Amino acid sequence: MKKDIAGKREIHLLVDAFYEKVKKDDIIGFIFTDIARVNWEQHLPVMYDFWDNVLFQTGDYSGNPMVTHAQLHHRFPLTGEHFTRWKKLFLETIEEHFEGPNAELARQRALSIATVMEIKISGR
Ligand code: HEM
């Protein structure tokens with residue numbers, strides 16, 4: 001049976017599994033690997049803190065993803081197709097590993113943050 005996202009252990013699994021999909025993805029993978037040339041050793045801990053904070057209000061994340069993605073968009077335009085794929089991969093990852101109230105919360109937060117981000121960066 002699938003378990004809920006209870007804390008750091010599950011957050012690490014969620015983030016790691018998500019980026020394994022992202023890196024292989026034909027629509028958004030290259031944005032991470034070739035355009036932004038993400039340093040995974042640095043990026044993954046930031047993402048653990050981000051999701052830990054989103055789900056459990058740890059206060060460990062102090063970045064501004066809206067600014068980060070607006071800057072990325074300036075270098076390489078992020079389209080509706082990119083966001084649709086990001087959401088698909090993230091929701092698939094949750095679905096494959098977890099179920100429960102926190103899994104549902106992660107699903108909803110991912111969708112709402114992605115929607116706000118897409119609207120903000122596209123200037124709509
Ligand atoms: C089209 C969809 C997206 C793409 C292509 C994308 C790509 C990226 C890339 C390349 C970075 C690394 C930037 C860098 O360090 O140079 C990044 C950082 C990040 N992304 Fe995304 N992203 C997308 C959507 C999202 C969404 C929907 C969320 C949140 C739900 C999110 C959360 C973050 C966070 C928290 C960071 C770290 C920002 C920081 O350094 O504080 N991303 N993203």
# chains A, B, ... in the order shown; residues from 1 in each chain; ligands from 1

call {"tool": "residues_around", "arguments": {"residues": "A:Val54", "least_positions_apart": "2", "cutoff": "12 Å", "atoms": "only C-alpha atoms", "output": "MDAnalysis selection string"}}
result
chainID A and resid 7 11 47:52 56:62 102:103 105:110 112:113

call {"tool": "closest_atom_pairs", "arguments": {"of": "chain A", "to": "ligand 1", "cutoff": "8 Å", "atoms": "only C-alpha atoms and all ligand atoms", "output": "Markdown table"}}
result
| residue | atom | partner | partner_atom_place_in_ligand_line | distance |
| --- | --- | --- | --- | --- |
| A:Ile28 | CA | ligand 1 | 5 (C) | 5.7 |
| A:Gly29 | CA | ligand 1 | 5 (C) | 7.9 |
| A:Ile31 | CA | ligand 1 | 10 (C) | 5.8 |
| A:Phe32 | CA | ligand 1 | 10 (C) | 4.3 |
| A:Thr33 | CA | ligand 1 | 10 (C) | 7.8 |
| A:Ile35 | CA | ligand 1 | 10 (C) | 7.4 |
| A:Ala36 | CA | ligand 1 | 10 (C) | 4.9 |
| A:Arg37 | CA | ligand 1 | 16 (O) | 7.3 |
| A:Val38 | CA | ligand 1 | 12 (C) | 5.8 |
| A:Asn39 | CA | ligand 1 | 15 (O) | 7.5 |
| A:His43 | CA | ligand 1 | 15 (O) | 6.4 |
| A:Val46 | CA | ligand 1 | 37 (C) | 6.1 |
| A:Met47 | CA | ligand 1 | 35 (C) | 5.6 |
| A:Phe50 | CA | ligand 1 | 35 (C) | 5.4 |
| A:Trp51 | CA | ligand 1 | 35 (C) | 7.7 |
| A:Tyr61 | CA | ligand 1 | 41 (O) | 7.5 |
| A:Ser62 | CA | ligand 1 | 41 (O) | 7.0 |
| A:Gly63 | CA | ligand 1 | 41 (O) | 3.9 |
| A:Asn64 | CA | ligand 1 | 41 (O) | 5.4 |
| A:Pro65 | CA | ligand 1 | 38 (C) | 4.5 |
| A:Thr68 | CA | ligand 1 | 38 (C) | 5.6 |
| A:His69 | CA | ligand 1 | 43 (N) | 6.2 |
| A:Leu72 | CA | ligand 1 | 13 (C) | 6.8 |
| A:Leu78 | CA | ligand 1 | 1 (C) | 5.5 |
| A:Thr79 | CA | ligand 1 | 1 (C) | 6.8 |
| A:Gly80 | CA | ligand 1 | 1 (C) | 7.5 |
| A:Glu81 | CA | ligand 1 | 1 (C) | 7.7 |
| A:His82 | CA | ligand 1 | 1 (C) | 4.3 |
| A:Phe83 | CA | ligand 1 | 1 (C) | 3.9 |
| A:Thr84 | CA | ligand 1 | 1 (C) | 7.4 |
| A:Arg85 | CA | ligand 1 | 1 (C) | 7.4 |
| A:Trp86 | CA | ligand 1 | 2 (C) | 5.1 |
| A:Lys87 | CA | ligand 1 | 27 (C) | 6.9 |
| A:Arg109 | CA | ligand 1 | 30 (C) | 6.9 |
| A:Ala110 | CA | ligand 1 | 30 (C) | 4.4 |
| A:Leu111 | CA | ligand 1 | 30 (C) | 7.0 |
| A:Ser112 | CA | ligand 1 | 30 (C) | 7.7 |
| A:Ile113 | CA | ligand 1 | 30 (C) | 4.9 |
| A:Ala114 | CA | ligand 1 | 27 (C) | 3.6 |
| A:Thr115 | CA | ligand 1 | 27 (C) | 7.4 |
| A:Met117 | CA | ligand 1 | 27 (C) | 6.5 |
| A:Glu118 | CA | ligand 1 | 1 (C) | 7.7 |

call {"tool": "residues_around", "arguments": {"residues": "A:Val15", "least_positions_apart": "3", "cutoff": "10 Å", "atoms": "only C-alpha atoms", "output": "PDB file with C-alpha atoms, in the first residue's frame"}}
result
ATOM      1  CA  GLU A  10       9.288  11.126   1.681  1.00  0.00           C
ATOM      2  CA  ILE A  11      10.081  14.646   0.445  1.00  0.00           C
ATOM      3  CA  HIS A  12      13.497  13.401  -0.694  1.00  0.00           C
ATOM      4  CA  PHE A  18      10.397  13.822  -9.979  1.00  0.00           C
ATOM      5  CA  TYR A  19      13.773  15.000 -11.282  1.00  0.00           C
ATOM      6  CA  GLU A  20      14.629  11.532 -12.592  1.00  0.00           C
ATOM      7  CA  LEU A  44      18.127  19.176  -4.967  1.00  0.00           C
ATOM      8  CA  PRO A  45      18.652  20.367  -1.358  1.00  0.00           C
ATOM      9  CA  MET A  47      13.983  21.673  -3.607  1.00  0.00           C
ATOM     10  CA  TYR A  48      13.843  19.454  -0.484  1.00  0.00           C
ATOM     11  CA  TRP A  51       8.652  21.258  -0.557  1.00  0.00           C
ATOM     12  CA  PHE A  90       4.897  16.099 -10.796  1.00  0.00           C
ATOM     13  CA  THR A  93       5.341  11.173  -9.318  1.00  0.00           C
ATOM     14  CA  ILE A  94       2.999  11.800  -6.388  1.00  0.00           C
TER      15      ILE A  94
END
